[in-house]
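Trainee: Sharing a structure below in structure tokens format, with a few things to ask.
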Amino acid sequence: MRFNSLIPELSVSDINKSKEFYLKLGLKVMYERIEDKFVFLQLEDNQIMIEENNNNWNTGIMEYPYGRGINISMSIKDIDSMYKRVKEQNLELFLDLETHEYRVNNKISYDKEFLIQDPDGYLLRFNN
């Protein structure tokens with residue numbers, strides 16, 4: 001198994017609820033430590049870790065929505081299929097599927113993307 005150089009680890013309030021949510025999105029469990037309430041997940045080249053809040057890493061009071069001020073961007077090959085999966089699961093969209101224009105140095109990049117929130121309020125942005 002290859003590990004990305006940067007892998008977000010999210011504290012969650014209920015590991016089973018969060019794991020179920022991420023599996024519905026199509027992420028796969030690469031490994032887990034049940035005794036630590038920890039799961040390592042992957043979707044294509046995107047990797048994320050979730051661990052039930054254990055007060056080990058908290059820098060302040062954890063309250064909903066967790067992760068204020070951050071969205072986790074996941075580039076995927078087939079954004080339309082991912083969007084369809086989310087709609088079929090009746091997951092609430094934070095931002096519907098749209099194409100946005102971003103300037104990257106001297107060039108314009110077009111990203112087709114949508115955002116949802118996980119059970120703890122973390123923003124997940126799926127884009128092409």
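Residues in the structure tokens are numbered from 1 in each chain, the chains being A, B, ... in the order shown, and ligands are numbered from 1 in the order shown.
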Write out as a PyMOL selection string all residues of chain A that backbone DSSP assigns to helix (DSSP H, G or I).
Mentor: chain A and resi 15-24+34-36+79-88
Trainee: Give the strand (DSSP E) residues of chain A, as assigned by DSSP on the backbone, as a short mmCIF file (atom, residue, chain, number, x, y, z; two decimals) with C-alpha atoms, in the first residue's frame.
Mentor:
```
data_model
loop_
_atom_site.label_atom_id
_atom_site.label_comp_id
_atom_site.auth_asym_id
_atom_site.auth_seq_id
_atom_site.Cartn_x
_atom_site.Cartn_y
_atom_site.Cartn_z
CA GLU A 9 -7.09 12.61 9.86
CA LEU A 10 -10.52 13.68 11.06
CA SER A 11 -11.83 13.34 14.60
CA VAL A 12 -15.41 12.08 14.42
CA LYS A 28 -12.86 1.63 0.64
CA VAL A 29 -11.46 0.56 3.99
CA MET A 30 -7.75 -0.02 3.51
CA TYR A 31 -7.25 -0.97 7.15
CA GLU A 32 -8.72 -0.27 10.54
CA ARG A 33 -7.89 -0.58 14.20
CA PHE A 38 -9.76 4.21 13.70
CA VAL A 39 -10.34 3.65 9.96
CA PHE A 40 -8.07 4.40 6.98
CA LEU A 41 -10.12 4.99 3.81
CA GLN A 42 -9.31 5.51 0.15
CA LEU A 43 -11.15 6.61 -3.02
CA ASN A 46 -7.58 10.19 -2.16
CA GLN A 47 -6.78 8.97 1.33
CA ILE A 48 -8.40 9.99 4.60
CA MET A 49 -8.25 8.73 8.16
CA ILE A 50 -11.10 8.95 10.66
CA GLU A 51 -10.86 8.31 14.37
CA GLU A 52 -13.52 8.62 17.03
CA ASN A 71 -12.88 21.82 3.00
CA ILE A 72 -11.28 18.61 1.89
CA SER A 73 -10.89 18.51 -1.88
CA MET A 74 -10.92 15.12 -3.59
CA SER A 75 -10.23 14.93 -7.31
CA LEU A 93 -25.66 18.81 -0.94
CA PHE A 94 -23.88 21.82 0.56
CA LEU A 95 -23.17 23.08 -2.98
CA ASP A 96 -24.80 21.53 -6.03
CA LEU A 97 -22.78 20.34 -9.03
CA GLU A 98 -21.37 23.38 -10.80
CA THR A 99 -18.40 24.32 -12.94
CA HIS A 100 -16.19 26.99 -11.41
CA GLU A 101 -13.39 29.00 -12.98
CA TYR A 102 -10.14 29.39 -11.06
CA ARG A 103 -7.05 31.30 -12.07
CA VAL A 104 -3.84 29.32 -11.64
CA LYS A 107 -4.06 30.11 -16.87
CA ILE A 108 -7.72 29.51 -16.20
CA SER A 109 -8.73 26.14 -14.79
CA TYR A 110 -12.30 24.86 -14.89
CA ASP A 111 -13.40 22.53 -12.10
CA LYS A 112 -16.69 20.69 -12.13
CA GLU A 113 -17.43 20.16 -8.44
CA PHE A 114 -19.95 19.74 -5.65
CA LEU A 115 -19.73 19.81 -1.85
CA ILE A 116 -21.38 17.76 0.86
CA GLN A 117 -20.93 17.55 4.63
CA LEU A 123 -16.96 19.85 4.10
CA LEU A 124 -16.02 17.42 1.35
CA ARG A 125 -15.45 18.85 -2.12
CA PHE A 126 -15.49 16.40 -5.02
CA ASN A 127 -14.09 17.72 -8.28
#
```
Trainee: Between atom CA of A:Asn128 and atom CA of A:Phe21, what is the spacing in Å?
Mentor: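 Here the two named atoms are 21.2 Å from each other.
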